[in-house]
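Heads up, my_file.cif below (mmCIF, C-alpha atoms):
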data_structure
loop_
_atom_site.group_PDB
_atom_site.id
_atom_site.type_symbol
_atom_site.label_atom_id
_atom_site.label_comp_id
_atom_site.auth_asym_id
_atom_site.auth_seq_id
_atom_site.Cartn_x
_atom_site.Cartn_y
_atom_site.Cartn_z
ATOM 1 C CA MET A 21 103.412 126.162 124.147
ATOM 2 C CA ILE A 22 100.564 124.247 122.502
ATOM 3 C CA ALA A 23 101.404 120.520 122.723
ATOM 4 C CA ARG A 24 98.304 119.058 121.081
ATOM 5 C CA LEU A 25 94.839 119.908 119.817
ATOM 6 C CA THR A 26 91.602 117.939 120.079
ATOM 7 C CA GLY A 27 88.598 119.225 118.162
ATOM 8 C CA ILE A 28 86.663 119.142 114.907
ATOM 9 C CA LEU A 29 88.326 119.265 111.499
ATOM 10 C CA ALA A 30 86.848 122.448 110.024
ATOM 11 C CA GLU A 31 88.951 122.752 106.855
ATOM 12 C CA SER A 32 91.534 120.667 105.020
ATOM 13 C CA ALA A 33 93.812 121.751 102.172
ATOM 14 C CA ALA A 34 96.939 120.482 100.412
ATOM 15 C CA ASP A 35 99.354 121.781 103.038
ATOM 16 C CA HIS A 36 97.289 122.783 106.070
ATOM 17 C CA ALA A 37 94.130 122.213 108.058
ATOM 18 C CA VAL A 38 91.938 124.196 110.430
ATOM 19 C CA ILE A 39 90.912 122.510 113.674
ATOM 20 C CA ASP A 40 87.995 123.974 115.615
ATOM 21 C CA VAL A 41 88.640 123.713 119.354
ATOM 22 C CA GLY A 42 85.762 125.155 121.361
ATOM 23 C CA GLY A 43 84.884 127.666 118.675
ATOM 24 C CA VAL A 44 88.480 128.756 117.998
ATOM 25 C CA GLY A 45 89.940 127.704 114.656
ATOM 26 C CA TYR A 46 93.622 126.740 114.760
ATOM 27 C CA LEU A 47 95.377 126.750 111.393
ATOM 28 C CA VAL A 48 98.003 124.018 111.411
ATOM 29 C CA GLN A 49 100.558 123.138 108.770
ATOM 30 C CA ALA A 50 101.144 119.411 108.348
ATOM 31 C CA SER A 51 102.711 116.753 106.163
ATOM 32 C CA THR A 52 100.598 115.174 103.459
ATOM 33 C CA ARG A 53 100.789 111.962 105.503
ATOM 34 C CA THR A 54 99.175 113.593 108.536
ATOM 35 C CA LEU A 55 96.601 115.495 106.482
ATOM 36 C CA ALA A 56 95.514 112.284 104.766
ATOM 37 C CA ALA A 57 95.084 110.579 108.147
ATOM 38 C CA LEU A 58 92.813 113.307 109.556
ATOM 39 C CA GLY A 59 89.786 112.002 107.696
ATOM 40 C CA PRO A 60 86.825 113.989 106.368
ATOM 41 C CA VAL A 61 85.915 117.545 107.333
ATOM 42 C CA GLY A 62 83.521 117.548 110.278
ATOM 43 C CA GLY A 63 85.147 114.621 112.053
ATOM 44 C CA ASN A 64 86.791 114.641 115.471
ATOM 45 C CA VAL A 65 90.583 114.774 115.407
ATOM 46 C CA MET A 66 93.525 114.865 117.783
ATOM 47 C CA VAL A 67 96.968 116.009 116.651
ATOM 48 C CA PHE A 68 100.312 116.603 118.326
ATOM 49 C CA THR A 69 101.637 120.100 117.690
ATOM 50 C CA GLU A 70 104.795 122.180 117.637
ATOM 51 C CA MET A 71 104.838 125.978 117.563
ATOM 52 C CA GLN A 72 107.693 127.973 116.078
ATOM 53 C CA VAL A 73 108.228 131.569 117.114
ATOM 54 C CA ARG A 74 109.716 133.770 114.405
ATOM 55 C CA GLU A 75 109.983 137.514 113.902
ATOM 56 C CA ASP A 76 107.372 137.553 111.147
ATOM 57 C CA ALA A 77 105.061 134.704 112.174
ATOM 58 C CA THR A 78 104.214 132.043 114.743
ATOM 59 C CA PRO A 79 103.279 128.964 112.700
ATOM 60 C CA LEU A 80 101.721 125.922 114.325
ATOM 61 C CA PHE A 81 102.615 122.501 112.921
ATOM 62 C CA ALA A 82 100.543 119.360 113.432
ATOM 63 C CA PHE A 83 101.519 115.688 113.482
ATOM 64 C CA GLY A 84 99.675 112.392 113.523
ATOM 65 C CA SER A 85 102.033 110.867 116.104
ATOM 66 C CA ALA A 86 104.536 111.898 118.747
ATOM 67 C CA GLY A 87 107.192 110.109 116.709
ATOM 68 C CA GLU A 88 106.541 112.307 113.674
ATOM 69 C CA ARG A 89 106.786 115.390 115.891
ATOM 70 C CA ASP A 90 110.100 114.154 117.308
ATOM 71 C CA TRP A 91 111.453 113.799 113.766
ATOM 72 C CA PHE A 92 110.241 117.311 112.951
ATOM 73 C CA ARG A 93 112.144 118.683 115.940
ATOM 74 C CA LEU A 94 115.285 116.836 114.936
ATOM 75 C CA LEU A 95 115.059 117.924 111.308
ATOM 76 C CA THR A 96 114.460 121.591 112.116
ATOM 77 C CA GLY A 97 117.517 121.475 114.368
ATOM 78 C CA VAL A 98 119.669 121.026 111.264
ATOM 79 C CA GLN A 99 120.927 124.254 109.723
ATOM 80 C CA GLY A 100 119.023 125.047 106.547
ATOM 81 C CA VAL A 101 115.961 122.963 107.453
ATOM 82 C CA GLY A 102 112.911 125.086 108.209
ATOM 83 C CA GLY A 103 109.409 123.946 109.017
ATOM 84 C CA LYS A 104 108.264 123.639 105.406
ATOM 85 C CA VAL A 105 111.309 121.622 104.355
ATOM 86 C CA ALA A 106 110.897 119.335 107.375
ATOM 87 C CA LEU A 107 107.254 118.743 106.419
ATOM 88 C CA ALA A 108 108.304 118.003 102.834
ATOM 89 C CA ILE A 109 110.695 115.345 104.142
ATOM 90 C CA LEU A 110 108.009 113.871 106.422
ATOM 91 C CA SER A 111 105.585 113.846 103.487
ATOM 92 C CA THR A 112 108.057 111.821 101.421
ATOM 93 C CA LEU A 113 109.544 109.496 104.051
ATOM 94 C CA ASP A 114 107.873 107.888 107.045
ATOM 95 C CA ALA A 115 109.669 107.398 110.374
ATOM 96 C CA ASP A 116 110.983 103.958 109.409
ATOM 97 C CA GLU A 117 112.391 105.200 106.110
ATOM 98 C CA LEU A 118 113.989 108.208 107.798
ATOM 99 C CA SER A 119 115.590 105.936 110.399
ATOM 100 C CA ARG A 120 117.035 103.743 107.664
ATOM 101 C CA ALA A 121 118.225 106.703 105.583
ATOM 102 C CA VAL A 122 119.954 108.382 108.514
ATOM 103 C CA GLY A 123 121.296 105.137 109.959
ATOM 104 C CA THR A 124 122.855 104.079 106.654
ATOM 105 C CA GLY A 125 123.861 107.568 105.512
ATOM 106 C CA ASP A 126 121.585 107.330 102.469
ATOM 107 C CA LYS A 127 121.494 110.998 101.425
ATOM 108 C CA ALA A 128 119.860 110.133 98.078
ATOM 109 C CA MET A 129 116.804 108.833 99.937
ATOM 110 C CA VAL A 130 116.477 112.097 101.898
ATOM 111 C CA ALA A 131 117.033 114.143 98.728
ATOM 112 C CA ARG A 132 113.816 112.687 97.273
ATOM 113 C CA ALA A 133 111.895 115.311 99.251
ATOM 114 C CA ASN A 134 110.975 118.581 97.541
ATOM 115 C CA GLY A 135 113.374 121.398 98.405
ATOM 116 C CA VAL A 136 116.154 119.095 99.606
ATOM 117 C CA GLY A 137 119.299 119.141 97.492
ATOM 118 C CA PRO A 138 122.285 116.773 97.763
ATOM 119 C CA LYS A 139 124.275 119.067 100.074
ATOM 120 C CA LEU A 140 121.392 119.571 102.501
ATOM 121 C CA ALA A 141 120.582 115.853 102.435
ATOM 122 C CA GLN A 142 124.208 115.087 103.298
ATOM 123 C CA ARG A 143 124.114 117.554 106.200
ATOM 124 C CA ILE A 144 120.900 115.997 107.517
ATOM 125 C CA VAL A 145 122.200 112.427 107.600
ATOM 126 C CA MET A 146 125.549 113.506 109.046
ATOM 127 C CA GLU A 147 124.125 115.672 111.834
ATOM 128 C CA LEU A 148 121.304 113.318 112.825
ATOM 129 C CA LYS A 149 123.132 110.003 112.717
ATOM 130 C CA ASP A 150 124.308 110.193 116.334
ATOM 131 C CA LYS A 151 121.110 111.820 117.594
ATOM 132 C CA VAL A 152 118.636 109.235 116.312
ATOM 133 C CA GLY A 153 120.709 106.084 116.552
ATOM 134 C CA GLY A 154 118.510 104.611 119.277
ATOM 135 C CA VAL A 155 115.058 105.675 118.157
ATOM 136 C CA ALA A 156 114.465 102.465 116.220
ATOM 137 C CA ILE A 157 117.503 100.362 117.124
ATOM 138 C CA GLY A 158 117.567 96.854 118.468
ATOM 139 C CA PRO A 159 120.028 95.305 120.955
ATOM 140 C CA ALA A 160 122.697 94.769 118.296
ATOM 141 C CA GLY A 161 122.697 98.460 117.388
ATOM 142 C CA VAL A 162 121.354 97.937 113.859
ATOM 143 C CA VAL A 163 118.433 99.902 112.445
ATOM 144 C CA PRO A 164 115.798 97.272 111.558
ATOM 145 C CA ALA A 165 114.567 97.166 107.971
ATOM 146 C CA ALA A 166 110.938 97.346 109.091
ATOM 147 C CA ALA A 167 110.747 98.835 112.565
ATOM 148 C CA SER A 168 107.148 99.681 113.405
ATOM 149 C CA GLY A 169 105.963 103.223 114.020
ATOM 150 C CA ILE A 170 104.622 102.049 117.397
ATOM 151 C CA SER A 171 108.101 100.827 118.340
ATOM 152 C CA ALA A 172 109.582 104.190 117.413
ATOM 153 C CA ASP A 173 106.923 105.968 119.488
ATOM 154 C CA ALA A 174 107.606 103.701 122.468
ATOM 155 C CA ALA A 175 111.360 104.283 122.224
ATOM 156 C CA SER A 176 110.768 108.014 121.902
ATOM 157 C CA ALA A 177 108.613 107.978 125.040
ATOM 158 C CA LEU A 178 111.370 106.211 126.999
ATOM 159 C CA ILE A 179 113.954 108.724 125.766
ATOM 160 C CA HIS A 180 111.755 111.557 127.040
ATOM 161 C CA LEU A 181 111.621 109.766 130.412
ATOM 162 C CA GLY A 182 115.403 110.027 130.667
ATOM 163 C CA PHE A 183 116.686 106.856 129.001
ATOM 164 C CA ARG A 184 119.640 107.027 126.643
ATOM 165 C CA PRO A 185 118.684 106.230 123.008
ATOM 166 C CA ALA A 186 120.502 102.882 122.988
ATOM 167 C CA GLU A 187 118.841 101.838 126.267
ATOM 168 C CA ALA A 188 115.401 102.830 124.958
ATOM 169 C CA GLY A 189 115.904 100.901 121.724
ATOM 170 C CA ALA A 190 117.072 97.811 123.598
ATOM 171 C CA ALA A 191 114.145 98.012 126.044
ATOM 172 C CA VAL A 192 111.582 98.210 123.247
ATOM 173 C CA ALA A 193 113.262 95.372 121.347
ATOM 174 C CA ALA A 194 113.176 93.188 124.476
ATOM 175 C CA ALA A 195 109.486 93.951 125.008
ATOM 176 C CA GLU A 196 108.744 93.165 121.345
ATOM 177 C CA ALA A 197 110.547 89.840 121.685
ATOM 178 C CA GLU A 198 108.156 88.942 124.501
ATOM 179 C CA LEU A 199 105.050 90.023 122.584
ATOM 180 C CA GLY A 200 105.714 88.896 119.021
ATOM 181 C CA ASP A 201 104.707 90.784 115.874
ATOM 182 C CA SER A 202 102.761 94.070 115.803
ATOM 183 C CA PRO A 203 102.204 94.760 119.508
ATOM 184 C CA SER A 204 100.166 97.798 120.582
ATOM 185 C CA LEU A 205 101.873 100.745 122.262
ATOM 186 C CA ASP A 206 100.102 99.967 125.558
ATOM 187 C CA ALA A 207 101.213 96.351 125.375
ATOM 188 C CA LEU A 208 104.811 97.420 124.749
ATOM 189 C CA VAL A 209 104.794 99.713 127.762
ATOM 190 C CA ARG A 210 103.261 97.037 130.003
ATOM 191 C CA ALA A 211 105.746 94.411 128.799
ATOM 192 C CA TYR A 212 108.644 96.773 129.363
ATOM 193 C CA ALA A 213 107.434 97.524 132.902
ATOM 194 C CA GLU A 214 107.224 93.805 133.667
ATOM 195 C CA LEU A 215 110.694 93.189 132.248
ATOM 196 C CA ARG A 216 112.150 96.049 134.252
ATOM 197 C CA THR A 217 110.519 94.786 137.475
ATOM 198 C CA ALA A 218 111.989 91.340 136.876
ATOM 199 C CA VAL A 219 115.539 92.676 136.632
ATOM 200 C CA PRO A 220 117.279 92.451 140.025
#

Mind turning this structure into structure tokens?
Amino acid sequence: MIARLTGILAESAADHAVIDVGGVGYLVQASTRTLAALGPVGGNVMVFTEMQVREDATPLFAFGSAGERDWFRLLTGVQGVGGKVALAILSTLDADELSRAVGTGDKAMVARANGVGPKLAQRIVMELKDKVGGVAIGPAGVVPAAASGISADAASALIHLGFRPAEAGAAVAAAEAELGDSPSLDALVRAYAELRTAVP
């Protein structure tokens, strides 16, 4: 499994890019959001990746953040959502907007993405509501209107360390309360560690 790539951006197109890693060019499919963030051809890049193994192909998908990759995994776990549809959704909605859409059951917001009809949008919000409830949730259990991408990444990291979604969301919210607006990911992690150490 290829988890991430660090190299030189060799090519960039509307729906994919080629990253040169030690002389080997990896073709990666990505959302328009990630492709736009890669910068000009010839620059150094680092992307998170997810490989899908199918009978006819083994596509490699790239993401600008671990949070975007987590959403991709969740979306492709829904019946009827393949890699291209998931990228279309991630091109249309960022992590905050997806959290709000799923948390409030707003299928119309999800249906804005190309290739997503009303029935599929309904299935997505229904199936993911319980799975992503804590990714960007505060102590009161409400999806914030403007949760930061860094907060979502921090919560995601805690979930991968074994925390339940609600616990991860509460921990990040507590750390944010200590730090104020727009903390860095490192600062969030440090603040959370200090808070956890202080708890008897």

**Matched chain/residue IDs from the PyMOL selection byres ((chain A and resi 107) around 10), as a ChimeraX atom specification** = /A:35,49-54,81-83,88,91-92,95-96,101-106,108-113,133-134

**Request:** Between CA of Asp114 (chain A) and CA of Ala30 (chain A), measure the distance and give it in Å to one decimal.
**Result:**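 Taking CA of Asp114 (chain A) as the start and CA of Ala30 (chain A) as the end point, the length is 25.7 Å.
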
For region 84-92 of chain A, I'd like the enclosing box, axis-aligned and padded by 8 Å on every side, reported as AutoDock Vina command-line options with centre and edge lengths in Å to one decimal.
--center_x 105.6 --center_y 113.7 --center_z 115.8 --size_x 27.8 --size_y 23.2 --size_z 21.8

**Request:** Carefully work through the PyMOL selection byres ((chain A and resi 66) around 10) for this structure and note down the residues it includes, as a PyMOL selection string.
**Result:** chain A and resi 24-29+39+58+64-65+67-69+82-85

**Prompt:** Quick one: of A:Val122, A:His36, A:Lys151, A:Gly43, who's nearest to Arg93 (chain A), counting all atoms listed in the file?
**Reply:**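 Under the stated criterion, the closest residue is A:Lys151.
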
**Message:** My list of candidates is A:Gly100, A:Lys139, A:Asp126, A:Ala37. Which is closest to Gly62 (chain A) when distances are computed with all atoms listed in the file?
**Reply:**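 With all atoms listed in the file as the atom set, the closest residue is A:Ala37.
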
**Prompt:** Nearest to Val61 (chain A) among A:Asp90, A:Glu31, A:Asp40, A:Glu75, with distances taken over only C-alpha atoms: which residue is it?
**Reply:** A:Glu31

**Residue among A:Ala56, A:Leu148, A:Ala115, A:Ala131 lying closest to Ala34 (chain A), counting only C-alpha atoms** =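 Smallest distance to Ala34 (chain A) is found for A:Ala56.
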
**Item:** Separation of CA of Leu118 (chain A) from CA of Gln72 (chain A), in Å and rounded to one decimal
**Value:**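 CA of Gln72 (chain A) lies at a distance of 22.3 Å from CA of Leu118 (chain A).
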
**Item:** Pick from A:Ile144, A:Ala121, A:Ala57, A:Met129 nearest to Gly97 (chain A), counting all atoms listed in the file
**Value:**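 Selected residue with least distance to Gly97 (chain A): A:Ile144.
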
**Asked** Hey, can you check how far CA of Arg74 (chain A) sits from CA of Met21 (chain A)?
**Response**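 Interatomic distance, CA of Arg74 (chain A) to CA of Met21 (chain A): 13.9 Å.
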